[in-house]
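Peer 1: So here's model_23.cif, just mmCIF, C-alpha atoms:
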data_protein
#
loop_
_atom_site.group_PDB
_atom_site.id
_atom_site.type_symbol
_atom_site.label_atom_id
_atom_site.label_comp_id
_atom_site.auth_asym_id
_atom_site.auth_seq_id
_atom_site.Cartn_x
_atom_site.Cartn_y
_atom_site.Cartn_z
ATOM 1 C CA MET A 283 29.125 -54.791 -38.590
ATOM 2 C CA PRO A 284 31.629 -52.026 -37.802
ATOM 3 C CA ALA A 285 35.063 -52.907 -36.477
ATOM 4 C CA GLN A 286 34.679 -53.081 -32.696
ATOM 5 C CA VAL A 287 36.881 -53.965 -29.756
ATOM 6 C CA GLN A 288 36.709 -57.722 -29.031
ATOM 7 C CA SER A 289 35.721 -58.507 -32.625
ATOM 8 C CA GLN A 290 37.778 -59.983 -35.453
ATOM 9 C CA ALA A 291 39.666 -57.281 -37.326
ATOM 10 C CA PRO A 292 38.345 -56.847 -40.871
ATOM 11 C CA ASP A 293 40.667 -58.384 -43.422
ATOM 12 C CA PHE A 294 42.548 -56.080 -45.743
ATOM 13 C CA LYS A 295 44.865 -56.472 -48.700
ATOM 14 C CA GLY A 296 46.364 -53.809 -50.910
ATOM 15 C CA ASP A 297 49.396 -52.049 -52.304
ATOM 16 C CA ALA A 298 51.656 -50.214 -49.899
ATOM 17 C CA VAL A 299 54.825 -48.202 -50.023
ATOM 18 C CA VAL A 300 57.481 -50.057 -48.044
ATOM 19 C CA GLY A 301 60.699 -48.062 -47.991
ATOM 20 C CA LYS A 302 60.582 -46.692 -51.515
ATOM 21 C CA GLN A 303 59.137 -49.819 -53.134
ATOM 22 C CA PHE A 304 55.596 -51.004 -53.843
ATOM 23 C CA LYS A 305 54.533 -54.195 -52.099
ATOM 24 C CA GLU A 306 51.198 -55.885 -51.516
ATOM 25 C CA ILE A 307 50.429 -56.313 -47.826
ATOM 26 C CA SER A 308 47.519 -57.889 -45.983
ATOM 27 C CA LEU A 309 46.264 -58.444 -42.452
ATOM 28 C CA ALA A 310 47.423 -62.071 -42.794
ATOM 29 C CA ASP A 311 51.033 -60.835 -43.015
ATOM 30 C CA TYR A 312 50.769 -59.781 -39.365
ATOM 31 C CA LYS A 313 49.229 -62.957 -37.945
ATOM 32 C CA GLY A 314 50.976 -63.848 -34.697
ATOM 33 C CA LYS A 315 52.144 -60.261 -34.121
ATOM 34 C CA TRP A 316 50.622 -57.175 -32.632
ATOM 35 C CA LEU A 317 49.549 -54.633 -35.233
ATOM 36 C CA VAL A 318 48.939 -50.916 -34.843
ATOM 37 C CA LEU A 319 46.866 -49.925 -37.860
ATOM 38 C CA PHE A 320 46.184 -46.230 -38.133
ATOM 39 C CA PHE A 321 44.255 -44.150 -40.648
ATOM 40 C CA TYR A 322 44.898 -40.551 -41.611
ATOM 41 C CA PRO A 323 42.889 -38.287 -43.948
ATOM 42 C CA LEU A 324 45.180 -37.417 -46.867
ATOM 43 C CA ASP A 325 48.767 -37.223 -48.090
ATOM 44 C CA PHE A 326 50.385 -33.791 -48.427
ATOM 45 C CA THR A 327 48.391 -32.246 -45.601
ATOM 46 C CA PHE A 328 49.409 -30.689 -42.293
ATOM 47 C CA VAL A 329 48.806 -32.758 -39.138
ATOM 48 C CA CYS A 330 49.334 -36.053 -40.982
ATOM 49 C CA PRO A 331 53.104 -35.802 -41.566
ATOM 50 C CA THR A 332 53.664 -34.953 -37.898
ATOM 51 C CA GLU A 333 51.947 -38.192 -36.866
ATOM 52 C CA ILE A 334 53.429 -40.406 -39.565
ATOM 53 C CA THR A 335 56.996 -39.300 -38.866
ATOM 54 C CA ALA A 336 56.478 -39.468 -35.082
ATOM 55 C CA PHE A 337 55.394 -43.124 -35.341
ATOM 56 C CA SER A 338 58.342 -43.832 -37.640
ATOM 57 C CA ASP A 339 60.816 -42.217 -35.249
ATOM 58 C CA VAL A 340 59.821 -44.601 -32.414
ATOM 59 C CA ILE A 341 59.330 -47.763 -34.471
ATOM 60 C CA ASP A 342 62.001 -49.570 -32.424
ATOM 61 C CA LYS A 343 59.848 -49.124 -29.307
ATOM 62 C CA PHE A 344 56.925 -50.801 -31.084
ATOM 63 C CA LYS A 345 59.164 -53.638 -32.285
ATOM 64 C CA LYS A 346 60.349 -54.218 -28.687
ATOM 65 C CA LEU A 347 56.687 -54.927 -27.899
ATOM 66 C CA ASP A 348 56.510 -57.342 -30.880
ATOM 67 C CA ALA A 349 54.299 -54.868 -32.716
ATOM 68 C CA GLU A 350 54.248 -53.706 -36.317
ATOM 69 C CA VAL A 351 52.784 -50.417 -37.545
ATOM 70 C CA VAL A 352 50.866 -49.728 -40.763
ATOM 71 C CA GLY A 353 49.567 -46.313 -41.838
ATOM 72 C CA CYS A 354 46.651 -46.051 -44.261
ATOM 73 C CA SER A 355 44.867 -43.360 -46.255
ATOM 74 C CA VAL A 356 42.656 -43.157 -49.337
ATOM 75 C CA ASP A 357 45.562 -41.910 -51.458
ATOM 76 C CA SER A 358 47.248 -43.975 -54.181
ATOM 77 C CA LYS A 359 50.553 -45.776 -53.754
ATOM 78 C CA PHE A 360 52.017 -43.219 -56.186
ATOM 79 C CA SER A 361 50.970 -40.340 -53.922
ATOM 80 C CA HIS A 362 52.417 -42.169 -50.897
ATOM 81 C CA LEU A 363 55.721 -42.647 -52.734
ATOM 82 C CA ALA A 364 55.875 -38.997 -53.819
ATOM 83 C CA TRP A 365 55.281 -37.941 -50.201
ATOM 84 C CA VAL A 366 58.020 -40.280 -48.923
ATOM 85 C CA GLU A 367 60.363 -38.805 -51.523
ATOM 86 C CA THR A 368 59.599 -35.265 -50.298
ATOM 87 C CA PRO A 369 61.947 -34.094 -47.512
ATOM 88 C CA ARG A 370 60.509 -33.537 -44.038
ATOM 89 C CA ASN A 371 61.546 -29.890 -44.029
ATOM 90 C CA LYS A 372 59.268 -29.386 -47.063
ATOM 91 C CA GLY A 373 56.204 -31.039 -45.453
ATOM 92 C CA GLY A 374 57.129 -34.498 -46.723
ATOM 93 C CA LEU A 375 57.817 -37.712 -44.882
ATOM 94 C CA GLY A 376 61.350 -38.630 -45.895
ATOM 95 C CA ASP A 377 62.221 -42.215 -44.991
ATOM 96 C CA ILE A 378 59.462 -44.048 -43.111
ATOM 97 C CA ASN A 379 60.099 -47.243 -41.149
ATOM 98 C CA TYR A 380 56.759 -48.977 -41.777
ATOM 99 C CA PRO A 381 54.324 -49.489 -44.692
ATOM 100 C CA LEU A 382 51.837 -46.897 -45.911
ATOM 101 C CA LEU A 383 48.813 -48.743 -47.307
ATOM 102 C CA ALA A 384 46.969 -47.233 -50.276
ATOM 103 C CA ASP A 385 43.202 -47.527 -49.783
ATOM 104 C CA ILE A 386 42.262 -46.056 -53.157
ATOM 105 C CA THR A 387 38.991 -48.069 -53.215
ATOM 106 C CA LYS A 388 38.168 -46.782 -49.694
ATOM 107 C CA GLU A 389 37.199 -50.331 -48.741
ATOM 108 C CA VAL A 390 39.588 -50.594 -45.788
ATOM 109 C CA GLY A 391 38.444 -47.280 -44.311
ATOM 110 C CA ARG A 392 34.818 -48.352 -44.769
ATOM 111 C CA ASP A 393 35.448 -51.763 -43.163
ATOM 112 C CA TYR A 394 37.122 -50.113 -40.175
ATOM 113 C CA ASP A 395 34.267 -47.592 -39.864
ATOM 114 C CA VAL A 396 36.395 -44.448 -40.284
ATOM 115 C CA LEU A 397 35.407 -43.361 -43.811
ATOM 116 C CA LEU A 398 33.584 -40.035 -44.024
ATOM 117 C CA GLU A 399 31.024 -39.215 -46.724
ATOM 118 C CA ALA A 400 33.519 -36.673 -48.060
ATOM 119 C CA GLY A 401 35.729 -39.617 -49.049
ATOM 120 C CA VAL A 402 38.542 -39.248 -46.504
ATOM 121 C CA THR A 403 39.163 -41.182 -43.321
ATOM 122 C CA LEU A 404 39.025 -39.950 -39.776
ATOM 123 C CA ARG A 405 42.131 -40.451 -37.645
ATOM 124 C CA GLY A 406 41.280 -43.987 -36.564
ATOM 125 C CA LEU A 407 43.766 -46.211 -34.759
ATOM 126 C CA TYR A 408 43.390 -49.899 -33.973
ATOM 127 C CA ILE A 409 45.553 -52.222 -31.911
ATOM 128 C CA ILE A 410 45.023 -55.738 -33.241
ATOM 129 C CA GLY A 411 46.262 -58.718 -31.248
ATOM 130 C CA PRO A 412 48.297 -61.638 -32.602
ATOM 131 C CA ASP A 413 44.986 -63.559 -32.749
ATOM 132 C CA GLY A 414 43.456 -60.969 -35.120
ATOM 133 C CA ILE A 415 41.106 -59.568 -32.473
ATOM 134 C CA ILE A 416 40.749 -55.800 -32.052
ATOM 135 C CA LYS A 417 41.960 -54.867 -28.576
ATOM 136 C CA TYR A 418 41.793 -51.065 -28.825
ATOM 137 C CA LYS A 419 40.074 -48.491 -31.013
ATOM 138 C CA LEU A 420 40.587 -44.740 -31.019
ATOM 139 C CA VAL A 421 39.055 -42.251 -33.443
ATOM 140 C CA HIS A 422 39.996 -38.569 -33.590
ATOM 141 C CA ASP A 423 38.505 -35.778 -35.655
ATOM 142 C CA LEU A 424 40.552 -34.557 -38.605
ATOM 143 C CA GLY A 425 42.459 -31.741 -36.898
ATOM 144 C CA ILE A 426 43.746 -33.648 -33.856
ATOM 145 C CA GLY A 427 47.032 -35.535 -33.977
ATOM 146 C CA ARG A 428 47.723 -38.725 -32.037
ATOM 147 C CA ASN A 429 50.579 -39.341 -29.614
ATOM 148 C CA PRO A 430 52.716 -42.458 -30.288
ATOM 149 C CA ALA A 431 53.867 -42.477 -26.643
ATOM 150 C CA GLU A 432 50.264 -42.958 -25.509
ATOM 151 C CA VAL A 433 49.739 -45.727 -28.078
ATOM 152 C CA LEU A 434 52.872 -47.467 -26.743
ATOM 153 C CA ARG A 435 51.577 -47.116 -23.172
ATOM 154 C CA VAL A 436 48.188 -48.577 -24.093
ATOM 155 C CA LEU A 437 49.814 -51.434 -26.039
ATOM 156 C CA ALA A 438 52.019 -52.275 -23.030
ATOM 157 C CA ALA A 439 48.943 -52.173 -20.752
ATOM 158 C CA ILE A 440 46.995 -54.527 -23.027
ATOM 159 C CA GLN A 441 49.931 -56.947 -23.173
ATOM 160 C CA THR A 442 50.401 -56.792 -19.383
ATOM 161 C CA THR A 443 46.722 -57.481 -18.759
ATOM 162 C CA GLU A 444 46.736 -60.435 -21.160
ATOM 163 C CA LYS A 445 49.946 -61.856 -19.671
ATOM 164 C CA THR A 446 49.137 -61.444 -15.970
ATOM 165 C CA GLY A 447 45.337 -61.526 -15.855
ATOM 166 C CA GLU A 448 45.513 -58.375 -13.756
ATOM 167 C CA VAL A 449 44.176 -54.978 -14.830
ATOM 168 C CA CYS A 450 45.889 -51.603 -15.232
ATOM 169 C CA PRO A 451 44.494 -48.660 -13.269
ATOM 170 C CA THR A 452 44.300 -45.121 -14.608
ATOM 171 C CA GLY A 453 47.655 -43.572 -15.439
ATOM 172 C CA TRP A 454 49.364 -46.972 -15.400
ATOM 173 C CA GLU A 455 52.856 -46.971 -16.879
ATOM 174 C CA PRO A 456 55.009 -50.009 -17.718
ATOM 175 C CA GLY A 457 56.476 -51.381 -14.495
ATOM 176 C CA GLY A 458 53.684 -49.835 -12.410
ATOM 177 C CA ASP A 459 51.402 -51.711 -10.043
ATOM 178 C CA THR A 460 48.531 -53.666 -11.536
ATOM 179 C CA MET A 461 45.351 -54.710 -9.781
ATOM 180 C CA LYS A 462 43.640 -58.041 -9.226
ATOM 181 C CA PRO A 463 40.212 -57.799 -10.899
ATOM 182 C CA ASP A 464 38.106 -58.934 -7.958
ATOM 183 C CA PRO A 465 36.673 -57.219 -4.849
ATOM 184 C CA GLU A 466 39.018 -58.932 -2.391
ATOM 185 C CA GLY A 467 42.219 -59.023 -4.456
ATOM 186 C CA SER A 468 41.911 -55.389 -5.512
ATOM 187 C CA GLN A 469 42.249 -54.336 -1.867
ATOM 188 C CA GLU A 470 45.999 -54.996 -2.105
ATOM 189 C CA TYR A 471 46.272 -52.227 -4.718
ATOM 190 C CA PHE A 472 43.909 -49.863 -2.924
ATOM 191 C CA GLY A 473 45.811 -50.433 0.349
ATOM 192 C CA LYS A 474 49.039 -49.223 -1.300
ATOM 193 C CA HIS A 475 47.520 -46.386 -3.346
ATOM 194 C CA GLY A 476 44.385 -45.334 -1.461
#
Just give me the structure of the file as structure tokens.
Peer 2:
Amino acid sequence: MPAQVQSQAPDFKGDAVVGKQFKEISLADYKGKWLVLFFYPLDFTFVCPTEITAFSDVIDKFKKLDAEVVGCSVDSKFSHLAWVETPRNKGGLGDINYPLLADITKEVGRDYDVLLEAGVTLRGLYIIGPDGIIKYKLVHDLGIGRNPAEVLRVLAAIQTTEKTGEVCPTGWEPGGDTMKPDPEGSQEYFGKHG
């Protein structure tokens, strides 16, 4: 069964580049925390470094929401390391503030339903709750980069909904009005914003 929202996140384990070291990581390492797991097609490409560095540059904002970030592609840990060691102004990553998982067997991409027949992964992104349940799934085509600010907004909305039991209307931003999810209670929101 493909990885779907409201289902248990598929387990993963593999080698990653953490800083400039190799380390085995697994889904179990993130139990009790929020996890943003995102897939990208290949190292040493064009849109990918813009996303990877953008997520790295705002890692403190994810940590404030008790969330960790892991990037993943079908490349080897050696390719990941070489890319980290390449300066940003040369199309490299430079220092990255979260692990890059090597999915050389393509098993993780397959389990998360983002692996293409060509052997690379689509730009899939999953927000996994502390309970291991997938709360959000987004899949882009290869040429479209993702926006970390939108991922942070969605993560905050999910956490707000889980904490308050209320729901977040379109365009909701942290600190904005939420809505009671029933016909009578929702009138309070509609009365203020209608």
Peer 1: In terms of the shortest atom-to-atom distance over only C-alpha atoms, which of A:Ala400, A:Ile378, A:Ala298, A:Ile426 is closest to Ala336 in chain A?
Peer 2: A:Ile378
Peer 1: Of the candidates A:Tyr408, A:Tyr380, A:Tyr312, A:Trp365, which one gets nearest to Ala285 in chain A if we count only C-alpha atoms?
Peer 2: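 Smallest distance to Ala285 in chain A is found for A:Tyr408.
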Peer 1: Since I can't run it myself right now, could you work out what the PyMOL selection byres ((chain A and resi 313-323) around 9) selects here and report it as a VMD selection string?
Peer 2: chain A and resid 309 to 312 324 to 325 327 330 333 to 334 344 347 to 357 391 396 401 to 414 424 433 437
Peer 1: Report, in Å to a single decimal, how far apart CA of Pro284 in chain A and CA of Lys417 in chain A are.
Peer 2: 14.1 Å
Peer 1: May I ask which of the residues A:Ser358, A:Thr332, A:Gln288, A:Thr442 is the closest one to Gly457 in chain A, counting all atoms listed in the file?
Peer 2: A:Thr442
Peer 1: Show me, as a list in words, the residues that have an atom within 12 Å of Asp464 in chain A when counting all atoms listed in the file, minus same-chain residues fewer than 4 positions from it.
Peer 2: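 Counting all atoms listed in the file, the residues come to Gly447, Glu448, Val449, Ser468, Gln469, Glu470, Tyr471 and Phe472 of chain A.
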Peer 1: Just to be explicit: take each residue in the selection above, keep C-alpha atoms, and write the result as a PDB file, keeping the file's coordinate frame.
Peer 2:
ATOM      1  CA  GLY A 447      45.337 -61.526 -15.855  1.00  0.00           C
ATOM      2  CA  GLU A 448      45.513 -58.375 -13.756  1.00  0.00           C
ATOM      3  CA  VAL A 449      44.176 -54.978 -14.830  1.00  0.00           C
ATOM      4  CA  SER A 468      41.911 -55.389  -5.512  1.00  0.00           C
ATOM      5  CA  GLN A 469      42.249 -54.336  -1.867  1.00  0.00           C
ATOM      6  CA  GLU A 470      45.999 -54.996  -2.105  1.00  0.00           C
ATOM      7  CA  TYR A 471      46.272 -52.227  -4.718  1.00  0.00           C
ATOM      8  CA  PHE A 472      43.909 -49.863  -2.924  1.00  0.00           C
TER       9      PHE A 472
END
Peer 1: Using only C-alpha atoms, list the residues that have an atom at most 12 Å from (65.6, -38.9, -45.5), coordinates as in the file, as a PyMOL selection string.
Peer 2: chain A and resi 301-302+335+338-339+365-372+374-379
Peer 1: What is the CA of Lys295 in chain A-CA of Pro331 in chain A distance in Å, reported with one decimal?
Peer 2: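 Distance between the two atoms: 23.4 Å.
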Peer 1: Work out how far CA of His475 in chain A is from CA of Pro451 in chain A, in Å to one decimal.
Peer 2: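 Computed distance, CA of Pro451 in chain A to CA of His475 in chain A, equals 10.6 Å.
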Peer 1: Which residues are near Phe294 in chain A? Cut-off 9 Å, only C-alpha atoms, ignore same chain within fewer than 5 positions. Put them as a PDB file with C-alpha atoms, in the frame of the given file.
Peer 2:
ATOM      1  CA  ILE A 307      50.429 -56.313 -47.826  1.00  0.00           C
ATOM      2  CA  SER A 308      47.519 -57.889 -45.983  1.00  0.00           C
ATOM      3  CA  LEU A 309      46.264 -58.444 -42.452  1.00  0.00           C
ATOM      4  CA  ALA A 310      47.423 -62.071 -42.794  1.00  0.00           C
ATOM      5  CA  GLU A 389      37.199 -50.331 -48.741  1.00  0.00           C
ATOM      6  CA  VAL A 390      39.588 -50.594 -45.788  1.00  0.00           C
ATOM      7  CA  ASP A 393      35.448 -51.763 -43.163  1.00  0.00           C
TER       8      ASP A 393
END
Peer 1: Please return as a CSV table (one decimal) with C-alpha atoms, keeping the file's coordinate frame every residue within 10 Å of (52.4, -45.4, -54.6), taking into account only C-alpha atoms and the file's own coordinates.
Peer 2:
chain,number,residue,atom,x,y,z
A,297,ASP,CA,49.4,-52.0,-52.3
A,298,ALA,CA,51.7,-50.2,-49.9
A,299,VAL,CA,54.8,-48.2,-50.0
A,300,VAL,CA,57.5,-50.1,-48.0
A,302,LYS,CA,60.6,-46.7,-51.5
A,303,GLN,CA,59.1,-49.8,-53.1
A,304,PHE,CA,55.6,-51.0,-53.8
A,305,LYS,CA,54.5,-54.2,-52.1
A,357,ASP,CA,45.6,-41.9,-51.5
A,358,SER,CA,47.2,-44.0,-54.2
A,359,LYS,CA,50.6,-45.8,-53.8
A,360,PHE,CA,52.0,-43.2,-56.2
A,361,SER,CA,51.0,-40.3,-53.9
A,362,HIS,CA,52.4,-42.2,-50.9
A,363,LEU,CA,55.7,-42.6,-52.7
A,364,ALA,CA,55.9,-39.0,-53.8
A,365,TRP,CA,55.3,-37.9,-50.2
A,366,VAL,CA,58.0,-40.3,-48.9
A,382,LEU,CA,51.8,-46.9,-45.9
A,383,LEU,CA,48.8,-48.7,-47.3
A,384,ALA,CA,47.0,-47.2,-50.3
Peer 1: Provide an axis-aligned box for all listed atoms of range 329-336 of chain A, padding each side by 5 Å; report its centre and its edge lengths in Å to one decimal, as AutoDock Vina command-line options.
Peer 2:
--center_x 52.9 --center_y -36.6 --center_z -38.3 --size_x 18.2 --size_y 17.6 --size_z 16.5
Peer 1: Could you check the closest approach to Arg435 in chain A for each of A:Glu455, A:Glu466, A:Asp293, A:Glu399 and tell me which residue wins, using all atoms listed in the file?
Peer 2: A:Glu455
Peer 1: Is it possible to produce a file of range 318-391 of chain A from this structure, with C-alpha atoms, as a PDB file, in the first residue's frame?
Peer 2:
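Output contents, as saved in selection.pdb:
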ATOM      1  CA  VAL A 318       9.738  16.493   7.405  1.00  0.00           C
ATOM      2  CA  LEU A 319      11.029  13.873   4.985  1.00  0.00           C
ATOM      3  CA  PHE A 320      11.556  15.127   1.471  1.00  0.00           C
ATOM      4  CA  PHE A 321      12.756  13.444  -1.706  1.00  0.00           C
ATOM      5  CA  TYR A 322      14.594  15.054  -4.592  1.00  0.00           C
ATOM      6  CA  PRO A 323      15.645  13.521  -7.933  1.00  0.00           C
ATOM      7  CA  LEU A 324      19.455  13.609  -8.029  1.00  0.00           C
ATOM      8  CA  ASP A 325      22.593  15.190  -6.598  1.00  0.00           C
ATOM      9  CA  PHE A 326      24.497  17.700  -8.739  1.00  0.00           C
ATOM     10  CA  THR A 327      21.411  18.945 -10.549  1.00  0.00           C
ATOM     11  CA  PHE A 328      19.760  22.356 -10.762  1.00  0.00           C
ATOM     12  CA  VAL A 329      16.545  22.860  -8.760  1.00  0.00           C
ATOM     13  CA  CYS A 330      17.648  20.429  -6.038  1.00  0.00           C
ATOM     14  CA  PRO A 331      20.411  22.539  -4.448  1.00  0.00           C
ATOM     15  CA  THR A 332      18.068  25.531  -4.231  1.00  0.00           C
ATOM     16  CA  GLU A 333      15.603  23.477  -2.180  1.00  0.00           C
ATOM     17  CA  ILE A 334      18.152  21.658  -0.041  1.00  0.00           C
ATOM     18  CA  THR A 335      19.966  24.845   0.952  1.00  0.00           C
ATOM     19  CA  ALA A 336      16.688  26.731   1.504  1.00  0.00           C
ATOM     20  CA  PHE A 337      15.522  24.079   3.997  1.00  0.00           C
ATOM     21  CA  SER A 338      18.935  24.164   5.677  1.00  0.00           C
ATOM     22  CA  ASP A 339      18.881  27.951   5.987  1.00  0.00           C
ATOM     23  CA  VAL A 340      15.618  27.862   8.001  1.00  0.00           C
ATOM     24  CA  ILE A 341      16.300  24.735  10.058  1.00  0.00           C
ATOM     25  CA  ASP A 342      15.960  26.732  13.297  1.00  0.00           C
ATOM     26  CA  LYS A 343      12.338  27.506  12.386  1.00  0.00           C
ATOM     27  CA  PHE A 344      11.635  23.780  12.010  1.00  0.00           C
ATOM     28  CA  LYS A 345      13.354  23.028  15.324  1.00  0.00           C
ATOM     29  CA  LYS A 346      11.160  25.653  17.051  1.00  0.00           C
ATOM     30  CA  LEU A 347       8.214  23.505  15.939  1.00  0.00           C
ATOM     31  CA  ASP A 348       9.946  20.386  17.361  1.00  0.00           C
ATOM     32  CA  ALA A 349      10.529  19.135  13.828  1.00  0.00           C
ATOM     33  CA  GLU A 350      13.520  17.503  12.182  1.00  0.00           C
ATOM     34  CA  VAL A 351      14.238  17.491   8.446  1.00  0.00           C
ATOM     35  CA  VAL A 352      15.719  14.696   6.324  1.00  0.00           C
ATOM     36  CA  GLY A 353      16.442  14.941   2.592  1.00  0.00           C
ATOM     37  CA  CYS A 354      16.624  11.796   0.469  1.00  0.00           C
ATOM     38  CA  SER A 355      17.627  10.822  -3.060  1.00  0.00           C
ATOM     39  CA  VAL A 356      18.733   7.686  -4.895  1.00  0.00           C
ATOM     40  CA  ASP A 357      22.365   8.826  -4.857  1.00  0.00           C
ATOM     41  CA  SER A 358      25.085   7.193  -2.744  1.00  0.00           C
ATOM     42  CA  LYS A 359      26.384   8.605   0.522  1.00  0.00           C
ATOM     43  CA  PHE A 360      29.649   9.315  -1.330  1.00  0.00           C
ATOM     44  CA  SER A 361      27.828  11.471  -3.887  1.00  0.00           C
ATOM     45  CA  HIS A 362      25.991  13.289  -1.075  1.00  0.00           C
ATOM     46  CA  LEU A 363      29.305  13.989   0.672  1.00  0.00           C
ATOM     47  CA  ALA A 364      30.953  15.246  -2.525  1.00  0.00           C
ATOM     48  CA  TRP A 365      27.997  17.595  -3.075  1.00  0.00           C
ATOM     49  CA  VAL A 366      28.191  18.903   0.511  1.00  0.00           C
ATOM     50  CA  GLU A 367      31.902  19.517  -0.012  1.00  0.00           C
ATOM     51  CA  THR A 368      31.187  21.549  -3.170  1.00  0.00           C
ATOM     52  CA  PRO A 369      30.664  25.276  -2.478  1.00  0.00           C
ATOM     53  CA  ARG A 370      27.215  26.765  -3.058  1.00  0.00           C
ATOM     54  CA  ASN A 371      28.544  29.233  -5.613  1.00  0.00           C
ATOM     55  CA  LYS A 372      29.630  26.233  -7.728  1.00  0.00           C
ATOM     56  CA  GLY A 373      26.219  24.483  -7.594  1.00  0.00           C
ATOM     57  CA  GLY A 374      27.081  22.564  -4.431  1.00  0.00           C
ATOM     58  CA  LEU A 375      25.436  22.503  -1.043  1.00  0.00           C
ATOM     59  CA  GLY A 376      28.163  23.624   1.338  1.00  0.00           C
ATOM     60  CA  ASP A 377      27.282  22.925   4.966  1.00  0.00           C
ATOM     61  CA  ILE A 378      23.809  21.438   5.454  1.00  0.00           C
ATOM     62  CA  ASN A 379      22.043  21.428   8.822  1.00  0.00           C
ATOM     63  CA  TYR A 380      20.188  18.111   8.487  1.00  0.00           C
ATOM     64  CA  PRO A 381      20.888  14.581   7.172  1.00  0.00           C
ATOM     65  CA  LEU A 382      20.850  13.591   3.510  1.00  0.00           C
ATOM     66  CA  LEU A 383      19.757   9.950   3.293  1.00  0.00           C
ATOM     67  CA  ALA A 384      21.250   7.761   0.559  1.00  0.00           C
ATOM     68  CA  ASP A 385      18.550   5.576  -1.008  1.00  0.00           C
ATOM     69  CA  ILE A 386      20.892   3.684  -3.325  1.00  0.00           C
ATOM     70  CA  THR A 387      18.581   0.616  -3.288  1.00  0.00           C
ATOM     71  CA  LYS A 388      15.607   2.878  -4.165  1.00  0.00           C
ATOM     72  CA  GLU A 389      13.592   1.086  -1.489  1.00  0.00           C
ATOM     73  CA  VAL A 390      12.683   4.225   0.465  1.00  0.00           C
ATOM     74  CA  GLY A 391      11.500   6.061  -2.650  1.00  0.00           C
TER      75      GLY A 391
END
